[in-house]
Structures are given as structure tokens and as C-alpha cells.
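Notes follow the structure.
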Amino acid sequence: MDRRDFLKSSLLTCGALTLSGQVVAPNEKALGRLHVQYIREKIPSFEIPPYRGQRYEDRIPETLDIAERAKLAINGVTSISDPEADCEVYWLANFLRNPPVLVHDFNDWVQLAEGLQEVLPLLRNATGEESNSHVDPVWMTVLLKCLGADGLVYTPLKGRPWSRMFLSAEELNPVWRPDGSTTHASDESIRQISSGSLPARTIATMTVYYLRDKNPMWKQAAERMIQRVSELAIHKQDYAYLGGAWEPNAKVGSQTAPAHTLALETTGRMIQGLSQYYKATGHEPAIELAGKFNRFFRDHSHYYGSQAEFLAGTGLDDFRARYGGKGMRLGGHGHGHTIGLLSMLEYATAANDRMTLDLVKAGFVWAKSQNQTFGVSSLVGWFPEWYMPTFPRCESCTVGDMLGLAVKLSEARAGDYWDDVDRWVRNHFAEAQVTGVEWVHQMANNSPHKPVAFNESGERVPERNLGAWSGWARPNDWIVVPANESGAYGDVVGIQHCCTGNSPRGLYYVWEHMIERKDDALWLNLLLNRASRFADVYSYIPYHGRVDLKVKESCLSLKVRAPEWVAYDHPQLIAKVNGSPRSLHWEGRYVNLGAAKPGDVASVTFPIAERTVNERIGPESYTLIIKGNTVVSIDPVGQNGPFYQNRGKYRKEGVQWRQVKRFLPEEQITW
């Protein structure tokens, strides 16, 4: 089936609602067949505003298009939902089974905790894509049903038969109860549970909803949640932190010690949602609490060193020994550290905190520079899931975080990292998104047969994961599992869908900032295809060194970023407007073409060539052929979903073209 035809069809059956007009909260008949025991049943109604904008056909070079990837991501985000379970996502996809399956367990809470629900309206607004629009109102309804009377958001453990499978005791213990006592997360009497991982992104999600519809319900819910999180936090001098998990109306003991396990991340993650809400509304308690959490995470958590280098912590000795990390002071979980940096960056820009901004920059530079020790490749954007010397897999969450950091640090003028963005988004990030399913079917057919369990689905699994991102990718392959290496979750090898929450958010940041109007100047930061209200961009890279802009709004300065392989003042970098040569002036890495008016067509050409690079990526060495910044060949070649195998066309002289439907949103969501 053609991908475009597939995206037009609805894979699920929990309704036929559309986002082309107003949508009210679905009634009970629109929800699934499970009788989930939410913390409340009666909720206010709401409406989803339509995603309005201009739609038109266009012909563009067959090169990377962020909007088209965002459309595909909407399928990956929504098609993994379960119509029998109130559109709850399956958090895992296992491709090394026959049939391949989607898997439910406790970690389905990534739907909120890792931002799938947050990113969906952002992607829809960027693209106007309406596929699977029945999912949105069900998700919003379930979110409202999960809000307790105390203001916190809770995961129901009753009525969801898989709710205790792979429940993360490390993050959730101890569980605080209403009488101030504690219990273990495995306690069967717990009916509702929450921890800092949930409100962090729930506040962000409600902020996006509020920015769209201005419904005071979302604002009231967010501010009550902020108040409740503050009540549950342990306040010490000028900082605060979170510990463990909570039942509804819990009381937390004042002597709770800071956690030095996965729970430590929850305090760091809270910083982001609070700061985003403050930026959107100016709510002072949000930024005050974010500041307290930031000071703990930055100065007292022992999660980062003095220069924001990642600290490995303790535990997991056998795991560390396997990948050469035993006894190492530096390293640890990649995504846990990078989302912490991204969270602190949100606070730094909201509160104008230069000290935190400088620390985040140092941490980002450290994270992308660890080639010799941890096999990081800043050349292609490959970052190990665990910063250990021989760790072989990349978690796409980390790549999404690093893209967000590069974009937002550049926007904050803390550095210029657009060249990093260009390399990463063209290479590993683009390859790690599922854009075809034939290889998945082939791999599953060659795998051992295993019956589909009660918490699994074997229905159209490869197609439902189109647009999702890899959970554990090699530098040259979507999945490789040697005989001596099991999957991260037993025999599960495929996708952990936290990656399908964090990766498209990074994609949105790239889409949002790649072309910008600042005062009277139009800035083109990335030479990628993009429609915008300022100008439409047509990128010939990597076929040829050329980018065209069809100008729509007048500007006094049109500034185009020169590719990093083109030297300053290179005589072969030439600009024309409407076919006539235009003098240009270099301003850093940008060339200023001067004024432009609606209807002008500006064209910038420059040299582009191939080079061969030997690069250590992960524990192994690879030979890459790179044209401009685009990898067009890798050796050795992967076996299961091999990367960079459809890029031979870029090495030819001619340019391939394609027809696309472009969308210009009326609404601008700054995120």
C-alpha cells in the first residue's frame, strides 16, 4: 500500500470524529470496552478547535521534508492506540516475533509521561494532518478522568489487566499514602498512583490545549496541579525535590531523602512543564517552583558534574560490566541526562538564568563530544542509550532531546549549533523513523512463532508503527540483536514508544525554528524544504548545492545560512534574485542577500562534493560516504532495516521531484 494512501485510512475503530470542525468530548459509548476505574467519571465537556490554514499543491525536490515527516509521525503516535482500551497506547513494539506484536504494560503511561499526548496537537497544527483524528478527543477525555480531587494526575491500576506488568518499583518506591505511611509499589491495594513523571508532561500537555482553545478549565487544572506538586515536594532552604510516588491525597514525610535512582529524573523533568506553563501564562508560582527544582537538580542531585558532564551513579554492576562501564564515574542513561538538560534550558530561558544556561551549554557540548570514550557520533547524530564504552544501541529519545537542545541553545544565543541540527536530522534521526514496513514483515516471517498474549495485539503491527522512531538502533541498522545479546525487555526488540513521544517533539522544534522572521529580517537557518508564510523553501541538497526561496512577505534583509562545508567568502557561493546576480554580505555563517519583496525568487548556489570518512560509532568503526552533510553510503551494511540504503539517487546528476500538499497554519504555537 502506498504510504499516502495508508495515511488517509483509519486503522482503528473507536470513532469517526474529525478535526476539521469542532469536536466535543466523546460520551461513554465512544470509549473502549474495558471498564477502567478512573479516579473520576464526571468531567466537563470541551471542544477541539479546528486546525485552520492554507492548503495548496506544490512541486518540490525529492529531498528531506520536515512537514512530511511530521505527517508520518502523527500516524506513529496515534495508530499504536488500542480502541478496546480507551485508545491507550501500546508502549512496546516487538518486531522479532511471528507475528510482530504491540505490547501493553504499566509503562503505557508514556502516553502522558513521555509526551505523545503533548506532541500530537503540535504536529497537527504544523501539518494540518487529520488522520486518526478520533484519538484526540478520547485522549483528552481520559486525561480529565485521571485528574484527582487533590489536583494531581493518576494512573488507574484497576480495570487495566496489564497495569502492574513491568511496574517500575525503582522509580515509584516508596508510595506515600493519605495517612503519611508508605507502602511498596507492588501493593495490590493501590488503585491509583502518580509520580513526578506524570505531572511534568501533563502540565505541558494542558498548556498546549490552553494555548489552542483558551478554555479556562485547562488553566485551572494546571495551576491546581502545580499547587499539589508543591505540597508534595520536600522543601529545603532555597531548593526542593520529589521522592517516590503518591496515592490520592498522600502526605509526604519531611525527612524523605533525595533519590539517587531513576526517581531522580522526575524532579528534573518537572522543571520543564512548569517553565513552559510560566512562559505561556506568566503564572508566578510555576516559575518559583521550577526555580527550586532547578537548584536541586543543578546543584544537589549529583546527576551532573561541575561542568554538567553526565555522572554514572551506582548500581547495575553486571550491566555496566557487560559494556565496559563498571567503576566509571562518568556516563549513565543518555535520555535521562539530556531531558534533564532540556528541562533546565526551559527554566534558564524563562527566568533569564545565565548560570543555568551556561551549565546546560556545557552539558550539551560534553554529550555530543564523547566519541573516543562512548562512541558518540556528532557527525551523524548517534548517541548511545547508555553512555558506556561499548554500548551498541541508540535510543531515539536522546536524539530528539539533543535536537531540541541544539535548536533552543541557538535561539537563546548561547551558541550556534545549526550545523549539528543539519547533520543529525538528515542522518540518524531521519533513518531511525519508520518510513517503510517491508523489512519488518520479512524479519517477522523469519522469527519464531509465538502466540499473541492477552496484553498484546498482532493486528497490522508494522503498518501501525509507520512514523514511529526506533527504540534501540545500531549505527547502520534499525534492529540488530546478536545471539549473545537479548533485548532490553527480555525478548522485546523493536520500539519503546517513549521514543515516539520525544522524537517528534524534537522534530517540531526543528520545523518551528528552521525559518524565522526577526524584526525586518528573514532568517533561513536550515536548507531543507519548508513552506512558511514568509517564504517557501526548495532544497536541492544533496543532489546539488542549491536552495531556492519564493518570497511571500517583504523583508529588508534575507539571510541564508551557508552550509558548514562552504568556506567563508567562498567565490562559488552565488546569489541571484529573479535570475539577476545579487551582491551578498557575510554575517557569521549567514549570507545577507539584502531586501526582498513578495513574488521574488531568490536562489543561492554553492559547491557540494562527496568525501569518505572513517568514524567510530558505538563500539565499532564504519566507513561513510558523505555528500555535503548527508550520508549516502555506510559500510558495513545493516541486515534488519538497514540504514542509508535508499540514498544512491543523491549521487546522480539529475534531481528527482515530487508533488506534495503543503499547509500553512493560521495558528502559531511557540513551544
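Identifiers for the C-alpha cells are assigned positionally: chains receive A, B, ... in sequence, residues are indexed from 1 per chain, and ligands are indexed from 1 in the order shown.
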
Check: Using only C-alpha atoms, which residues sit within 9 Å of Ala200 (chain A) once same-chain residues fewer than 5 positions away are excluded, as a list of chain:residue names?
Finding: A:Leu112, A:Ala113, A:Thr266, A:Thr267, A:Arg269, A:Met270, A:Ile271, A:Gln272, A:Gly273, A:Leu274

Please save N, CA and C atoms of the selected residues as a short mmCIF file (atom, residue, chain, number, x, y, z; two decimals), in the first residue's frame.
data_model
loop_
_atom_site.label_atom_id
_atom_site.label_comp_id
_atom_site.auth_asym_id
_atom_site.auth_seq_id
_atom_site.Cartn_x
_atom_site.Cartn_y
_atom_site.Cartn_z
N LEU A 112 1.32 9.98 28.42
CA LEU A 112 1.43 11.29 29.06
C LEU A 112 2.86 11.58 29.49
N ALA A 113 3.50 10.61 30.15
CA ALA A 113 4.77 10.88 30.81
C ALA A 113 5.91 11.17 29.83
N THR A 266 12.69 12.54 37.91
CA THR A 266 11.36 13.15 37.97
C THR A 266 11.43 14.60 38.41
N THR A 267 12.32 14.92 39.35
CA THR A 267 12.48 16.31 39.76
C THR A 267 12.97 17.15 38.59
N ARG A 269 12.57 16.56 35.37
CA ARG A 269 11.53 16.67 34.35
C ARG A 269 10.46 17.70 34.73
N MET A 270 10.18 17.83 36.02
CA MET A 270 9.17 18.79 36.46
C MET A 270 9.54 20.22 36.07
N ILE A 271 10.82 20.50 35.99
CA ILE A 271 11.28 21.86 35.68
C ILE A 271 10.72 22.31 34.33
N GLN A 272 10.66 21.39 33.38
CA GLN A 272 10.27 21.75 32.02
C GLN A 272 8.81 22.18 31.93
N GLY A 273 7.89 21.33 32.40
CA GLY A 273 6.47 21.66 32.32
C GLY A 273 6.14 22.95 33.05
N LEU A 274 6.73 23.13 34.21
CA LEU A 274 6.49 24.36 34.98
C LEU A 274 6.98 25.59 34.22
#

Notebook entry, point to check: Can you tell me, as a list in words, what residues are no more than 12 Å from Glu284 (chain A) when counting only C-alpha atoms, ignoring any on the same chain fewer than 3 positions away?
Noted result: Glu223, Ile226, Gln227, Leu274, Ser275, Gln276, Tyr277, Tyr278, Lys279, Ala280, Thr281, Ile287, Glu288, Leu289, Ala290, Gly291, Ala350 and Ala351 of chain A

Note to self: Can you tell me, as a ChimeraX atom specification, which residues in region 492-611 of chain A count as strand (DSSP E) by DSSP?
What the structure shows: /A:494-496,515-518,521-524,535-539,546-551,557-561,574-577,580-581,585-587,590-592,601-605,610-611

Output N, CA and C atoms for every residue in the selection just made, as a CSV table (one decimal), in the first residue's frame.
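File part_8.csv, as written:
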chain,number,residue,atom,x,y,z
A,494,GLY,N,12.5,-3.8,19.3
A,494,GLY,CA,11.8,-3.0,18.3
A,494,GLY,C,11.7,-1.6,18.7
A,495,ILE,N,10.6,-1.2,19.3
A,495,ILE,CA,10.4,0.2,19.7
A,495,ILE,C,9.9,0.3,21.2
A,496,GLN,N,10.5,1.2,21.9
A,496,GLN,CA,9.9,1.6,23.2
A,496,GLN,C,9.3,3.0,22.8
A,515,ILE,N,13.0,28.4,9.7
A,515,ILE,CA,12.9,29.7,9.1
A,515,ILE,C,12.1,30.6,10.0
A,516,GLU,N,12.7,31.8,10.2
A,516,GLU,CA,12.1,32.7,11.2
A,516,GLU,C,12.2,34.2,10.7
A,517,ARG,N,11.2,34.9,11.1
A,517,ARG,CA,11.2,36.4,10.9
A,517,ARG,C,11.5,37.1,12.2
A,518,LYS,N,12.6,37.9,12.2
A,518,LYS,CA,13.0,38.6,13.3
A,518,LYS,C,13.2,40.1,12.9
A,521,ALA,N,14.1,41.2,9.3
A,521,ALA,CA,15.0,40.2,8.6
A,521,ALA,C,14.3,38.9,8.6
A,522,LEU,N,14.5,38.1,7.5
A,522,LEU,CA,14.1,36.8,7.3
A,522,LEU,C,15.3,35.9,7.4
A,523,TRP,N,15.3,34.9,8.3
A,523,TRP,CA,16.5,34.1,8.5
A,523,TRP,C,16.1,32.7,8.1
A,524,LEU,N,16.9,32.1,7.2
A,524,LEU,CA,16.8,30.7,6.9
A,524,LEU,C,17.9,29.9,7.6
A,535,ALA,N,8.1,32.7,3.3
A,535,ALA,CA,8.7,32.2,2.0
A,535,ALA,C,8.6,30.7,2.0
A,536,ASP,N,8.5,30.1,0.8
A,536,ASP,CA,8.6,28.7,0.6
A,536,ASP,C,10.0,28.3,0.2
A,537,VAL,N,10.5,27.3,0.8
A,537,VAL,CA,11.9,26.9,0.6
A,537,VAL,C,12.0,25.6,-0.2
A,538,TYR,N,12.9,25.5,-1.2
A,538,TYR,CA,13.1,24.4,-2.1
A,538,TYR,C,14.5,24.0,-2.0
A,539,SER,N,14.8,22.9,-1.4
A,539,SER,CA,16.2,22.5,-1.2
A,539,SER,C,16.6,21.4,-2.1
A,546,ARG,N,22.2,23.9,-3.9
A,546,ARG,CA,21.3,24.9,-4.3
A,546,ARG,C,20.1,25.0,-3.3
A,547,VAL,N,19.6,26.1,-3.0
A,547,VAL,CA,18.4,26.3,-2.3
A,547,VAL,C,17.7,27.5,-2.9
A,548,ASP,N,16.4,27.4,-3.2
A,548,ASP,CA,15.5,28.5,-3.7
A,548,ASP,C,14.5,28.9,-2.7
A,549,LEU,N,14.2,30.2,-2.7
A,549,LEU,CA,13.1,30.7,-1.8
A,549,LEU,C,12.2,31.5,-2.7
A,550,LYS,N,10.9,31.2,-2.5
A,550,LYS,CA,9.8,32.1,-3.1
A,550,LYS,C,9.3,33.0,-2.0
A,551,VAL,N,9.6,34.2,-2.1
A,551,VAL,CA,9.3,35.2,-1.0
A,551,VAL,C,7.9,35.5,-1.0
A,557,SER,N,16.1,42.4,4.9
A,557,SER,CA,17.3,41.5,4.8
A,557,SER,C,16.8,40.1,4.7
A,558,LEU,N,17.4,39.4,3.7
A,558,LEU,CA,17.1,38.0,3.5
A,558,LEU,C,18.4,37.2,3.8
A,559,LYS,N,18.5,36.5,4.9
A,559,LYS,CA,19.7,35.9,5.4
A,559,LYS,C,19.6,34.4,5.3
A,560,VAL,N,20.5,33.8,4.6
A,560,VAL,CA,20.6,32.4,4.3
A,560,VAL,C,21.8,31.8,4.9
A,561,ARG,N,21.7,30.8,5.7
A,561,ARG,CA,22.8,30.1,6.3
A,561,ARG,C,23.6,29.3,5.3
A,574,ILE,N,27.1,31.8,-4.8
A,574,ILE,CA,26.5,32.8,-5.7
A,574,ILE,C,25.0,33.0,-5.4
A,575,ALA,N,24.6,34.2,-5.3
A,575,ALA,CA,23.1,34.5,-5.1
A,575,ALA,C,22.5,35.2,-6.3
A,576,LYS,N,21.3,34.8,-6.6
A,576,LYS,CA,20.5,35.5,-7.6
A,576,LYS,C,19.1,35.8,-7.1
A,577,VAL,N,18.5,36.9,-7.5
A,577,VAL,CA,17.1,37.2,-7.2
A,577,VAL,C,16.4,37.4,-8.6
A,580,SER,N,18.7,37.5,-11.6
A,580,SER,CA,19.8,38.5,-11.7
A,580,SER,C,20.8,38.4,-10.5
A,581,PRO,N,22.1,38.5,-10.8
A,581,PRO,CA,23.0,38.4,-9.7
A,581,PRO,C,22.8,39.4,-8.6
A,585,HIS,N,26.5,39.7,1.5
A,585,HIS,CA,27.4,40.1,2.6
A,585,HIS,C,27.4,39.0,3.6
A,586,TRP,N,28.6,38.6,4.0
A,586,TRP,CA,28.7,37.5,5.1
A,586,TRP,C,28.5,38.1,6.4
A,587,GLU,N,27.6,37.5,7.2
A,587,GLU,CA,27.4,37.8,8.6
A,587,GLU,C,27.5,36.5,9.4
A,590,TYR,N,26.0,33.3,7.9
A,590,TYR,CA,24.9,33.7,7.1
A,590,TYR,C,25.3,34.6,5.9
A,591,VAL,N,24.7,34.5,4.8
A,591,VAL,CA,24.9,35.5,3.7
A,591,VAL,C,23.6,36.3,3.6
A,592,ASN,N,23.8,37.6,3.6
A,592,ASN,CA,22.7,38.6,3.6
A,592,ASN,C,22.5,39.0,2.1
A,601,VAL,N,12.0,35.5,-6.4
A,601,VAL,CA,12.6,34.1,-6.2
A,601,VAL,C,14.1,34.3,-6.0
A,602,ALA,N,14.5,33.9,-4.8
A,602,ALA,CA,15.9,34.0,-4.5
A,602,ALA,C,16.6,32.6,-4.7
A,603,SER,N,17.7,32.6,-5.2
A,603,SER,CA,18.4,31.3,-5.4
A,603,SER,C,19.9,31.5,-4.9
A,604,VAL,N,20.3,30.5,-4.1
A,604,VAL,CA,21.7,30.5,-3.6
A,604,VAL,C,22.3,29.2,-4.0
A,605,THR,N,23.4,29.3,-4.7
A,605,THR,CA,24.1,28.1,-5.2
A,605,THR,C,25.5,28.0,-4.6
A,610,GLU,N,31.4,14.8,-2.5
A,610,GLU,CA,31.5,13.7,-1.6
A,610,GLU,C,32.8,13.6,-0.9
A,611,ARG,N,32.8,13.0,0.2
A,611,ARG,CA,34.1,12.6,0.9
A,611,ARG,C,33.8,11.3,1.7

Checklist line | Selection near Arg191 (chain A), 7 Å with only C-alpha atoms, sequence-local residues under 3 positions removed, as number ranges by chain | finding: A: 156-158

Restrict the selected residues to C-alpha atoms and save them as a PDB file, in the first residue's frame.
ATOM      1  CA  PRO A 156      -5.554   3.796  37.295  1.00  0.00           C
ATOM      2  CA  LEU A 157      -4.414   0.292  38.238  1.00  0.00           C
ATOM      3  CA  LYS A 158      -7.857  -1.330  38.338  1.00  0.00           C
TER       4      LYS A 158
END

Notebook entry, point to check: Which polymer residues have any atom within 7 Å of an atom of Leu96 (chain A), counting only C-alpha atoms, with same-chain residues fewer than 4 positions away left out, as a list in words?
Noted result: Pro100, Met443, Ala444, Ser447 and Val493 of chain A

Note to self: What's around Glu62 (chain A) at 10 Å? Count only C-alpha atoms, leave out sequence neighbours fewer than 6 positions away in its own chain, and write the answer as a PyMOL selection string.
What the structure shows: chain A and resi 529+538-543+649-650+655-659

Check: When distances are computed from only C-alpha atoms, which of A:Val566, A:Val437, A:Ile43, A:Val380 shows the smallest separation from Met140 (chain A)?
Finding: A:Ile43

Next item on the list: From a DSSP pass on the backbone, collect the residues of region 222-443 of chain A flagged as helix (DSSP H, G or I) and hand them back as a PyMOL selection string.
Entry: chain A and resi 222-232+264-281+284-299+317-322+334-351+354-368+371-374+396-411+418-426+428-431+438-443
